[in-house]
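Below: the structure, in structure tokens.
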Amino acid sequence: MDQLQFRQYMDRDPGAKLRDVVTQMLYDEIVSLHIAPGTKLNVNSIASSLGISRTPVAEAIINLCDMGFVMSRPETSGYFVIDLSMTDMINLYDVRSAIECEAAVLCTEHADEETVIELERLANAYRDSLIAKDYQGMLASDMPFHALIVKSCGNKYIQKCYEMLLPNLTMYQSSMLKFISSTSDNPWSSSVTYNHTAIVEAIKMRIPELARQAMENHVSSSLNFTIFYGGGKDPFANVKNPKNRR
């Protein structure tokens with residue numbers, strides 16, 4: 001983060017309080033993994049890089065603690081970005097599966113033709129980016145695909161639940177896409193590559209249970225891909241900040 005980036009955030013909402021702007025900046029950097037899991041957040045360093053005082057930075061970090069993305073550690077001083085773990089991902093994806101499978105089912109009823117066309121475009125873009133190991137292309141098509149299914153399901157409670165999970169999902173999705181972009185020998189790669197297409201086809205054919213199964217297969221394949229990538233070890237060790245591991 002630097003002063004130019006900070007000014008760009010300020011320009012989006014000139015009336016915003018400094019702590020809220022810094023909160024949003026840090027939030028965006030954390031969920032996109034630009035600030036690695038396990039990183040210690042140094043108030044003085046962040047304030048200096050942004051050209052502001054320590055107070056709004058300290059307040060922003062407290063806000064992120066309340067949101068669950070930063071934590072203090074009893075064995076050391078300071079605040080750290082939360083770590084990712086396979087156990088936490090499994091728990092998160094259990095909930096994700098329940099929400100997104102039901103959203104896919106409802107999409108077979110509620111998604112209009114324009115939505116189906118956009119889902120197909122995103123699925124094709126994701127497939128092509130994955131095959132080419134185009135990391136930015138994967139980022140641009142993966143989460144928007146899932147978000148559109150939830151948005152189009154017609155159930156506001158599903159949408160609220162998904163919104164609550166979205167930041168954590170984004171962190172894990174970003175890490176998984178980095179795994180995909182750096183390996184070619186994972187047996188789950190082909191399944192992950194074409195899962196989006198299968199989901200769209202089920203929605204296009206308006207077959208609820210097929211849509212549910214396709215989404216369930218996708219979530220399961222994503223988990224299996226990540227587990228295999230770890231080779232029996234913590235698959236998230238490579239996306240953590242090694243200077244701050246305990």
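Starting from 1 in every chain, residues are counted up; chains themselves are A, B, ... following the order of the structure tokens, and ligands are numbered from 1 as listed.
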
Hey, could you make a per-residue contact list for stretch 112-231 of chain A against stretch 32-56 of chain A with 8 Å as the cut-off, showing the nearest pair of atoms and its distance in Å to one decimal, counting only C-alpha atoms, sorted by chain and number, as a tab-separated table?
```
residue	atom	partner	partner_atom	distance
A:Thr170	CA	A:Ser32	CA	6.8
A:Met171	CA	A:Ser32	CA	5.9
A:Ser174	CA	A:Ser32	CA	6.2
A:Ser175	CA	A:Leu33	CA	7.4
```

With C-alpha atoms retained, could you export that selection as a PDB file, in the first residue's frame?
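The resulting file, selection18.pdb, is reproduced below:
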```
ATOM      1  CA  THR A 170     -12.624 -14.807  -1.400  1.00  0.00           C
ATOM      2  CA  MET A 171      -9.495 -15.515   0.656  1.00  0.00           C
ATOM      3  CA  SER A 174      -7.653 -16.590  -4.130  1.00  0.00           C
ATOM      4  CA  SER A 175      -5.329 -19.136  -2.546  1.00  0.00           C
TER       5      SER A 175
END
```

- Message: Show me, as a list of chain:residue names, the residues that have an atom within 9 Å of stretch 226-230 of chain A when counting only C-alpha atoms, minus same-chain residues fewer than 6 positions from it.
- Response: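 Once the adjacent positions are removed, what remains is A:Met86, A:Met176, A:Phe179, A:Ile180, A:Thr183, A:Asn186, A:Pro187, A:Trp188, A:Phe236, A:Ala237.
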
- Restricting the calculation to only C-alpha atoms, which member of A:Glu120, A:Glu163, A:Asp13, A:Glu102 is positioned closest to A:Ala214? A:Glu102

Could you go through stretch 48-179 of chain A and tell me which residues DSSP, when run on the backbone, assigns to helix (DSSP H, G or I), listing them as a compact mmCIF listing (two decimals) with N, CA, C and O atoms, in the first residue's frame?
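Okay, this is what ended up in states_36.txt:
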```
# COMPACT_ATOMS: atom_id res chain seq x y z
N SER A 48 3.10 5.29 7.96
CA SER A 48 4.16 5.96 7.20
C SER A 48 3.97 5.78 5.70
O SER A 48 4.13 6.73 4.92
N SER A 49 3.60 4.56 5.28
CA SER A 49 3.44 4.29 3.84
C SER A 49 2.27 5.06 3.25
O SER A 49 2.28 5.41 2.07
N LEU A 50 1.25 5.35 4.09
CA LEU A 50 0.07 6.08 3.62
C LEU A 50 0.19 7.58 3.83
O LEU A 50 -0.63 8.35 3.31
N ARG A 54 -0.91 7.64 13.11
CA ARG A 54 -1.11 6.29 13.58
C ARG A 54 -2.57 6.01 13.97
O ARG A 54 -3.04 4.87 13.85
N THR A 55 -3.28 7.04 14.44
CA THR A 55 -4.60 6.82 15.04
C THR A 55 -5.60 6.15 14.09
O THR A 55 -6.21 5.13 14.46
N PRO A 56 -5.81 6.65 12.86
CA PRO A 56 -6.78 5.97 11.99
C PRO A 56 -6.35 4.56 11.61
O PRO A 56 -7.21 3.70 11.37
N VAL A 57 -5.05 4.32 11.56
CA VAL A 57 -4.57 2.97 11.24
C VAL A 57 -4.89 2.02 12.39
O VAL A 57 -5.40 0.90 12.18
N ALA A 58 -4.61 2.48 13.61
CA ALA A 58 -4.91 1.65 14.78
C ALA A 58 -6.41 1.37 14.88
O ALA A 58 -6.83 0.25 15.20
N GLU A 59 -7.23 2.37 14.59
CA GLU A 59 -8.69 2.19 14.63
C GLU A 59 -9.14 1.21 13.55
O GLU A 59 -10.05 0.40 13.77
N ALA A 60 -8.51 1.29 12.37
CA ALA A 60 -8.86 0.39 11.27
C ALA A 60 -8.54 -1.06 11.64
O ALA A 60 -9.32 -1.98 11.35
N ILE A 61 -7.42 -1.27 12.29
CA ILE A 61 -7.04 -2.62 12.69
C ILE A 61 -8.01 -3.18 13.72
O ILE A 61 -8.38 -4.36 13.67
N ILE A 62 -8.47 -2.34 14.62
CA ILE A 62 -9.49 -2.78 15.59
C ILE A 62 -10.78 -3.15 14.86
O ILE A 62 -11.44 -4.15 15.19
N ASN A 63 -11.15 -2.36 13.85
CA ASN A 63 -12.34 -2.68 13.05
C ASN A 63 -12.19 -4.07 12.41
O ASN A 63 -13.14 -4.87 12.39
N LEU A 64 -11.01 -4.35 11.88
CA LEU A 64 -10.76 -5.63 11.23
C LEU A 64 -10.75 -6.78 12.23
O LEU A 64 -11.11 -7.90 11.90
N CYS A 65 -10.35 -6.49 13.47
CA CYS A 65 -10.46 -7.49 14.54
C CYS A 65 -11.93 -7.83 14.77
O CYS A 65 -12.30 -9.00 14.90
N ASP A 66 -12.76 -6.80 14.83
CA ASP A 66 -14.20 -7.01 15.05
C ASP A 66 -14.82 -7.80 13.89
O ASP A 66 -15.78 -8.56 14.09
N MET A 67 -14.28 -7.62 12.69
CA MET A 67 -14.79 -8.32 11.51
C MET A 67 -14.26 -9.75 11.41
O MET A 67 -14.75 -10.55 10.61
N MET A 86 -6.76 -25.90 6.40
CA MET A 86 -7.60 -26.85 5.69
C MET A 86 -8.87 -27.15 6.47
O MET A 86 -9.96 -27.27 5.90
N THR A 87 -8.74 -27.26 7.79
CA THR A 87 -9.92 -27.54 8.63
C THR A 87 -10.95 -26.42 8.50
O THR A 87 -12.15 -26.67 8.35
N ASP A 88 -10.47 -25.19 8.55
CA ASP A 88 -11.38 -24.04 8.43
C ASP A 88 -12.02 -24.00 7.05
O ASP A 88 -13.21 -23.71 6.92
N MET A 89 -11.24 -24.32 6.03
CA MET A 89 -11.79 -24.33 4.66
C MET A 89 -12.88 -25.39 4.52
O MET A 89 -13.92 -25.14 3.90
N ILE A 90 -12.66 -26.57 5.10
CA ILE A 90 -13.67 -27.63 5.04
C ILE A 90 -14.96 -27.17 5.71
O ILE A 90 -16.06 -27.34 5.17
N ASN A 91 -14.84 -26.56 6.89
CA ASN A 91 -16.03 -26.06 7.60
C ASN A 91 -16.74 -24.97 6.79
O ASN A 91 -17.98 -24.97 6.68
N LEU A 92 -15.96 -24.08 6.22
CA LEU A 92 -16.54 -23.00 5.41
C LEU A 92 -17.23 -23.56 4.17
O LEU A 92 -18.34 -23.14 3.82
N TYR A 93 -16.61 -24.53 3.52
CA TYR A 93 -17.17 -25.08 2.30
C TYR A 93 -18.38 -25.98 2.55
O TYR A 93 -19.21 -26.16 1.65
N ASP A 94 -18.51 -26.54 3.75
CA ASP A 94 -19.74 -27.24 4.11
C ASP A 94 -20.93 -26.28 4.05
O ASP A 94 -21.99 -26.61 3.51
N VAL A 95 -20.72 -25.09 4.60
CA VAL A 95 -21.79 -24.08 4.58
C VAL A 95 -21.97 -23.55 3.17
O VAL A 95 -23.10 -23.35 2.71
N ARG A 96 -20.86 -23.33 2.50
CA ARG A 96 -20.94 -22.84 1.12
C ARG A 96 -21.74 -23.79 0.24
O ARG A 96 -22.57 -23.36 -0.57
N SER A 97 -21.50 -25.08 0.39
CA SER A 97 -22.20 -26.07 -0.41
C SER A 97 -23.71 -26.00 -0.18
O SER A 97 -24.50 -26.02 -1.15
N ALA A 98 -24.10 -25.90 1.08
CA ALA A 98 -25.53 -25.84 1.39
C ALA A 98 -26.18 -24.61 0.75
O ALA A 98 -27.27 -24.70 0.16
N ILE A 99 -25.49 -23.48 0.82
CA ILE A 99 -26.05 -22.23 0.29
C ILE A 99 -26.06 -22.23 -1.24
O ILE A 99 -27.09 -21.95 -1.88
N GLU A 100 -24.92 -22.55 -1.84
CA GLU A 100 -24.82 -22.44 -3.29
C GLU A 100 -25.57 -23.55 -4.03
O GLU A 100 -26.05 -23.34 -5.15
N CYS A 101 -25.67 -24.74 -3.42
CA CYS A 101 -26.46 -25.79 -4.06
C CYS A 101 -27.93 -25.38 -4.14
O CYS A 101 -28.59 -25.57 -5.18
N GLU A 102 -28.44 -24.81 -3.06
CA GLU A 102 -29.83 -24.37 -3.07
C GLU A 102 -30.02 -23.19 -4.02
O GLU A 102 -31.04 -23.10 -4.73
N ALA A 103 -29.02 -22.30 -4.08
CA ALA A 103 -29.11 -21.18 -5.02
C ALA A 103 -29.14 -21.68 -6.46
O ALA A 103 -29.89 -21.15 -7.29
N ALA A 104 -28.34 -22.69 -6.76
CA ALA A 104 -28.32 -23.25 -8.12
C ALA A 104 -29.67 -23.86 -8.47
O ALA A 104 -30.17 -23.72 -9.60
N VAL A 105 -30.28 -24.56 -7.50
CA VAL A 105 -31.61 -25.14 -7.71
C VAL A 105 -32.62 -24.04 -8.05
O VAL A 105 -33.39 -24.15 -9.01
N LEU A 106 -32.62 -22.97 -7.26
CA LEU A 106 -33.58 -21.89 -7.47
C LEU A 106 -33.31 -21.15 -8.77
O LEU A 106 -34.23 -20.61 -9.38
N CYS A 107 -32.05 -21.13 -9.20
CA CYS A 107 -31.71 -20.47 -10.47
C CYS A 107 -32.37 -21.17 -11.66
O CYS A 107 -32.65 -20.52 -12.67
N THR A 108 -32.59 -22.46 -11.54
CA THR A 108 -33.25 -23.16 -12.65
C THR A 108 -34.67 -22.63 -12.86
O THR A 108 -35.23 -22.77 -13.94
N GLU A 109 -35.20 -22.01 -11.83
CA GLU A 109 -36.56 -21.45 -11.91
C GLU A 109 -36.54 -19.95 -12.18
O GLU A 109 -37.37 -19.44 -12.95
N HIS A 110 -35.59 -19.24 -11.55
CA HIS A 110 -35.65 -17.77 -11.56
C HIS A 110 -34.71 -17.09 -12.55
O HIS A 110 -34.93 -15.93 -12.90
N GLU A 113 -33.07 -15.30 -19.28
CA GLU A 113 -32.18 -15.65 -20.39
C GLU A 113 -30.89 -14.83 -20.37
O GLU A 113 -29.80 -15.34 -20.66
N GLU A 114 -31.01 -13.57 -20.00
CA GLU A 114 -29.83 -12.71 -19.93
C GLU A 114 -28.84 -13.22 -18.89
O GLU A 114 -27.62 -13.21 -19.11
N THR A 115 -29.37 -13.67 -17.75
CA THR A 115 -28.52 -14.21 -16.69
C THR A 115 -27.82 -15.48 -17.15
O THR A 115 -26.63 -15.68 -16.91
N VAL A 116 -28.56 -16.36 -17.82
CA VAL A 116 -27.97 -17.61 -18.31
C VAL A 116 -26.85 -17.32 -19.31
O VAL A 116 -25.80 -17.97 -19.28
N ILE A 117 -27.05 -16.35 -20.17
CA ILE A 117 -26.02 -15.99 -21.15
C ILE A 117 -24.76 -15.49 -20.44
O ILE A 117 -23.64 -15.85 -20.81
N GLU A 118 -24.95 -14.67 -19.41
CA GLU A 118 -23.79 -14.15 -18.66
C GLU A 118 -23.10 -15.26 -17.88
O GLU A 118 -21.86 -15.30 -17.81
N LEU A 119 -23.86 -16.18 -17.30
CA LEU A 119 -23.27 -17.32 -16.61
C LEU A 119 -22.44 -18.15 -17.58
O LEU A 119 -21.33 -18.61 -17.23
N GLU A 120 -22.95 -18.35 -18.77
CA GLU A 120 -22.22 -19.13 -19.77
C GLU A 120 -20.93 -18.42 -20.17
O GLU A 120 -19.88 -19.05 -20.34
N ARG A 121 -21.01 -17.11 -20.30
CA ARG A 121 -19.81 -16.33 -20.66
C ARG A 121 -18.75 -16.46 -19.56
O ARG A 121 -17.56 -16.68 -19.85
N LEU A 122 -19.18 -16.32 -18.31
CA LEU A 122 -18.24 -16.42 -17.18
C LEU A 122 -17.66 -17.83 -17.07
O LEU A 122 -16.47 -18.00 -16.78
N ALA A 123 -18.49 -18.84 -17.31
CA ALA A 123 -18.01 -20.23 -17.25
C ALA A 123 -16.96 -20.48 -18.32
O ALA A 123 -15.93 -21.13 -18.06
N ASN A 124 -17.20 -19.98 -19.51
CA ASN A 124 -16.24 -20.16 -20.60
C ASN A 124 -14.94 -19.40 -20.33
O ASN A 124 -13.84 -19.90 -20.61
N ALA A 125 -15.09 -18.19 -19.78
CA ALA A 125 -13.91 -17.40 -19.46
C ALA A 125 -13.07 -18.07 -18.38
O ALA A 125 -11.83 -18.09 -18.44
N TYR A 126 -13.76 -18.64 -17.38
CA TYR A 126 -13.06 -19.36 -16.31
C TYR A 126 -12.33 -20.58 -16.86
O TYR A 126 -11.16 -20.83 -16.54
N ARG A 127 -13.01 -21.35 -17.70
CA ARG A 127 -12.41 -22.55 -18.30
C ARG A 127 -11.16 -22.18 -19.10
O ARG A 127 -10.09 -22.78 -18.93
N ASP A 128 -11.28 -21.16 -19.95
CA ASP A 128 -10.16 -20.77 -20.80
C ASP A 128 -9.00 -20.23 -19.97
O ASP A 128 -7.83 -20.52 -20.26
N SER A 129 -9.32 -19.45 -18.94
CA SER A 129 -8.27 -18.88 -18.09
C SER A 129 -7.56 -19.97 -17.30
O SER A 129 -6.34 -19.93 -17.10
N LEU A 130 -8.34 -20.96 -16.85
CA LEU A 130 -7.77 -22.04 -16.07
C LEU A 130 -6.82 -22.89 -16.92
O LEU A 130 -5.72 -23.24 -16.48
N ILE A 131 -7.24 -23.20 -18.13
CA ILE A 131 -6.39 -23.97 -19.03
C ILE A 131 -5.10 -23.22 -19.34
O ILE A 131 -4.02 -23.81 -19.40
N ALA A 132 -5.22 -21.90 -19.52
CA ALA A 132 -4.05 -21.07 -19.82
C ALA A 132 -3.26 -20.67 -18.58
O ALA A 132 -2.21 -20.04 -18.68
N TYR A 135 -4.00 -16.32 -14.12
CA TYR A 135 -4.48 -16.08 -12.76
C TYR A 135 -5.46 -14.93 -12.70
O TYR A 135 -6.51 -15.03 -12.06
N GLN A 136 -5.16 -13.82 -13.37
CA GLN A 136 -6.05 -12.67 -13.33
C GLN A 136 -7.38 -12.99 -14.01
O GLN A 136 -8.44 -12.55 -13.57
N GLY A 137 -7.32 -13.76 -15.08
CA GLY A 137 -8.55 -14.16 -15.74
C GLY A 137 -9.43 -15.03 -14.87
O GLY A 137 -10.66 -14.91 -14.89
N MET A 138 -8.79 -15.93 -14.10
CA MET A 138 -9.54 -16.78 -13.17
C MET A 138 -10.22 -15.93 -12.10
O MET A 138 -11.39 -16.14 -11.78
N LEU A 139 -9.47 -14.97 -11.56
CA LEU A 139 -10.04 -14.10 -10.54
C LEU A 139 -11.23 -13.32 -11.07
O LEU A 139 -12.23 -13.12 -10.37
N ALA A 140 -11.13 -12.88 -12.32
CA ALA A 140 -12.18 -12.04 -12.92
C ALA A 140 -13.44 -12.81 -13.27
O ALA A 140 -14.49 -12.20 -13.48
N SER A 141 -13.36 -14.15 -13.32
CA SER A 141 -14.52 -14.92 -13.75
C SER A 141 -15.06 -15.88 -12.70
O SER A 141 -16.23 -16.28 -12.78
N ASP A 142 -14.27 -16.26 -11.71
CA ASP A 142 -14.68 -17.29 -10.76
C ASP A 142 -15.72 -16.78 -9.76
O ASP A 142 -16.87 -17.21 -9.77
N MET A 143 -15.34 -15.85 -8.89
CA MET A 143 -16.26 -15.36 -7.88
C MET A 143 -17.47 -14.65 -8.49
O MET A 143 -18.59 -14.81 -8.00
N PRO A 144 -17.31 -13.88 -9.58
CA PRO A 144 -18.51 -13.29 -10.22
C PRO A 144 -19.51 -14.34 -10.69
O PRO A 144 -20.72 -14.10 -10.64
N PHE A 145 -19.03 -15.50 -11.13
CA PHE A 145 -19.91 -16.58 -11.55
C PHE A 145 -20.79 -17.04 -10.38
O PHE A 145 -22.02 -17.13 -10.50
N HIS A 146 -20.16 -17.32 -9.25
CA HIS A 146 -20.91 -17.79 -8.08
C HIS A 146 -21.82 -16.70 -7.52
O HIS A 146 -22.95 -16.98 -7.11
N ALA A 147 -21.32 -15.47 -7.51
CA ALA A 147 -22.12 -14.36 -6.98
C ALA A 147 -23.37 -14.15 -7.82
O ALA A 147 -24.45 -13.83 -7.29
N LEU A 148 -23.26 -14.33 -9.14
CA LEU A 148 -24.42 -14.14 -10.02
C LEU A 148 -25.47 -15.22 -9.78
O LEU A 148 -26.68 -14.94 -9.83
N ILE A 149 -25.05 -16.44 -9.52
CA ILE A 149 -26.00 -17.51 -9.21
C ILE A 149 -26.78 -17.17 -7.95
O ILE A 149 -28.01 -17.30 -7.90
N VAL A 150 -26.07 -16.71 -6.93
CA VAL A 150 -26.73 -16.35 -5.68
C VAL A 150 -27.65 -15.15 -5.89
O VAL A 150 -28.80 -15.13 -5.42
N LYS A 151 -27.16 -14.16 -6.61
CA LYS A 151 -27.96 -12.96 -6.86
C LYS A 151 -29.25 -13.29 -7.62
O LYS A 151 -30.29 -12.65 -7.40
N LYS A 156 -33.81 -13.86 -0.62
CA LYS A 156 -33.00 -12.84 0.05
C LYS A 156 -32.22 -13.40 1.23
O LYS A 156 -31.16 -12.86 1.59
N TYR A 157 -32.68 -14.46 1.84
CA TYR A 157 -31.98 -15.02 2.99
C TYR A 157 -30.73 -15.79 2.54
O TYR A 157 -29.69 -15.76 3.21
N ILE A 158 -30.84 -16.48 1.44
CA ILE A 158 -29.65 -17.11 0.86
C ILE A 158 -28.62 -16.05 0.50
O ILE A 158 -27.41 -16.20 0.74
N GLN A 159 -29.10 -14.96 -0.06
CA GLN A 159 -28.20 -13.87 -0.46
C GLN A 159 -27.50 -13.25 0.76
O GLN A 159 -26.29 -12.97 0.70
N LYS A 160 -28.21 -13.08 1.85
CA LYS A 160 -27.61 -12.52 3.06
C LYS A 160 -26.57 -13.47 3.65
O LYS A 160 -25.50 -13.04 4.11
N CYS A 161 -26.88 -14.74 3.66
CA CYS A 161 -25.94 -15.73 4.19
C CYS A 161 -24.67 -15.76 3.35
O CYS A 161 -23.55 -15.83 3.88
N TYR A 162 -24.84 -15.71 2.04
CA TYR A 162 -23.68 -15.74 1.15
C TYR A 162 -22.83 -14.49 1.33
O TYR A 162 -21.59 -14.56 1.33
N GLU A 163 -23.47 -13.36 1.49
CA GLU A 163 -22.75 -12.10 1.70
C GLU A 163 -21.88 -12.17 2.95
O GLU A 163 -20.76 -11.65 2.97
N MET A 164 -22.38 -12.85 3.98
CA MET A 164 -21.61 -12.99 5.23
C MET A 164 -20.37 -13.85 5.01
O MET A 164 -19.32 -13.60 5.59
N LEU A 165 -20.48 -14.87 4.16
CA LEU A 165 -19.36 -15.78 3.91
C LEU A 165 -18.37 -15.24 2.88
O LEU A 165 -17.22 -15.70 2.83
N LEU A 166 -18.80 -14.29 2.07
CA LEU A 166 -18.04 -13.88 0.90
C LEU A 166 -16.59 -13.47 1.17
O LEU A 166 -15.69 -13.91 0.43
N PRO A 167 -16.30 -12.67 2.20
CA PRO A 167 -14.90 -12.29 2.42
C PRO A 167 -14.00 -13.49 2.66
O PRO A 167 -12.91 -13.58 2.09
N ASN A 168 -14.45 -14.43 3.51
CA ASN A 168 -13.64 -15.62 3.78
C ASN A 168 -13.53 -16.50 2.55
O ASN A 168 -12.46 -17.06 2.26
N LEU A 169 -14.63 -16.63 1.80
CA LEU A 169 -14.59 -17.39 0.57
C LEU A 169 -13.58 -16.80 -0.41
O LEU A 169 -12.84 -17.53 -1.08
N THR A 170 -13.54 -15.47 -0.49
CA THR A 170 -12.62 -14.81 -1.40
C THR A 170 -11.17 -15.13 -1.06
O THR A 170 -10.34 -15.37 -1.95
N MET A 171 -10.86 -15.18 0.24
CA MET A 171 -9.50 -15.51 0.66
C MET A 171 -9.13 -16.92 0.21
O MET A 171 -8.05 -17.16 -0.35
N TYR A 172 -10.02 -17.87 0.45
CA TYR A 172 -9.71 -19.25 0.08
C TYR A 172 -9.71 -19.45 -1.43
O TYR A 172 -8.90 -20.22 -1.96
N GLN A 173 -10.62 -18.78 -2.12
CA GLN A 173 -10.64 -18.88 -3.57
C GLN A 173 -9.35 -18.31 -4.17
O GLN A 173 -8.79 -18.87 -5.11
N SER A 174 -8.89 -17.19 -3.63
CA SER A 174 -7.65 -16.59 -4.13
C SER A 174 -6.48 -17.53 -3.94
O SER A 174 -5.63 -17.68 -4.83
N SER A 175 -6.43 -18.20 -2.80
CA SER A 175 -5.33 -19.14 -2.55
C SER A 175 -5.44 -20.35 -3.46
O SER A 175 -4.44 -20.82 -4.02
N MET A 176 -6.65 -20.87 -3.67
CA MET A 176 -6.83 -22.04 -4.50
C MET A 176 -6.47 -21.75 -5.96
O MET A 176 -5.87 -22.58 -6.65
N LEU A 177 -6.81 -20.56 -6.42
CA LEU A 177 -6.48 -20.21 -7.79
C LEU A 177 -4.98 -20.10 -7.98
O LEU A 177 -4.45 -20.41 -9.05
N LYS A 178 -4.27 -19.69 -6.93
CA LYS A 178 -2.80 -19.68 -7.02
C LYS A 178 -2.26 -21.10 -7.11
O LYS A 178 -1.29 -21.36 -7.80
N PHE A 179 -2.91 -22.03 -6.39
CA PHE A 179 -2.50 -23.43 -6.50
C PHE A 179 -2.68 -23.91 -7.95
O PHE A 179 -1.80 -24.55 -8.52
```

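Rounded to one decimal, atom CA of A:Asn217 and atom CA of A:Val200 lie 13.2 Å from each other.
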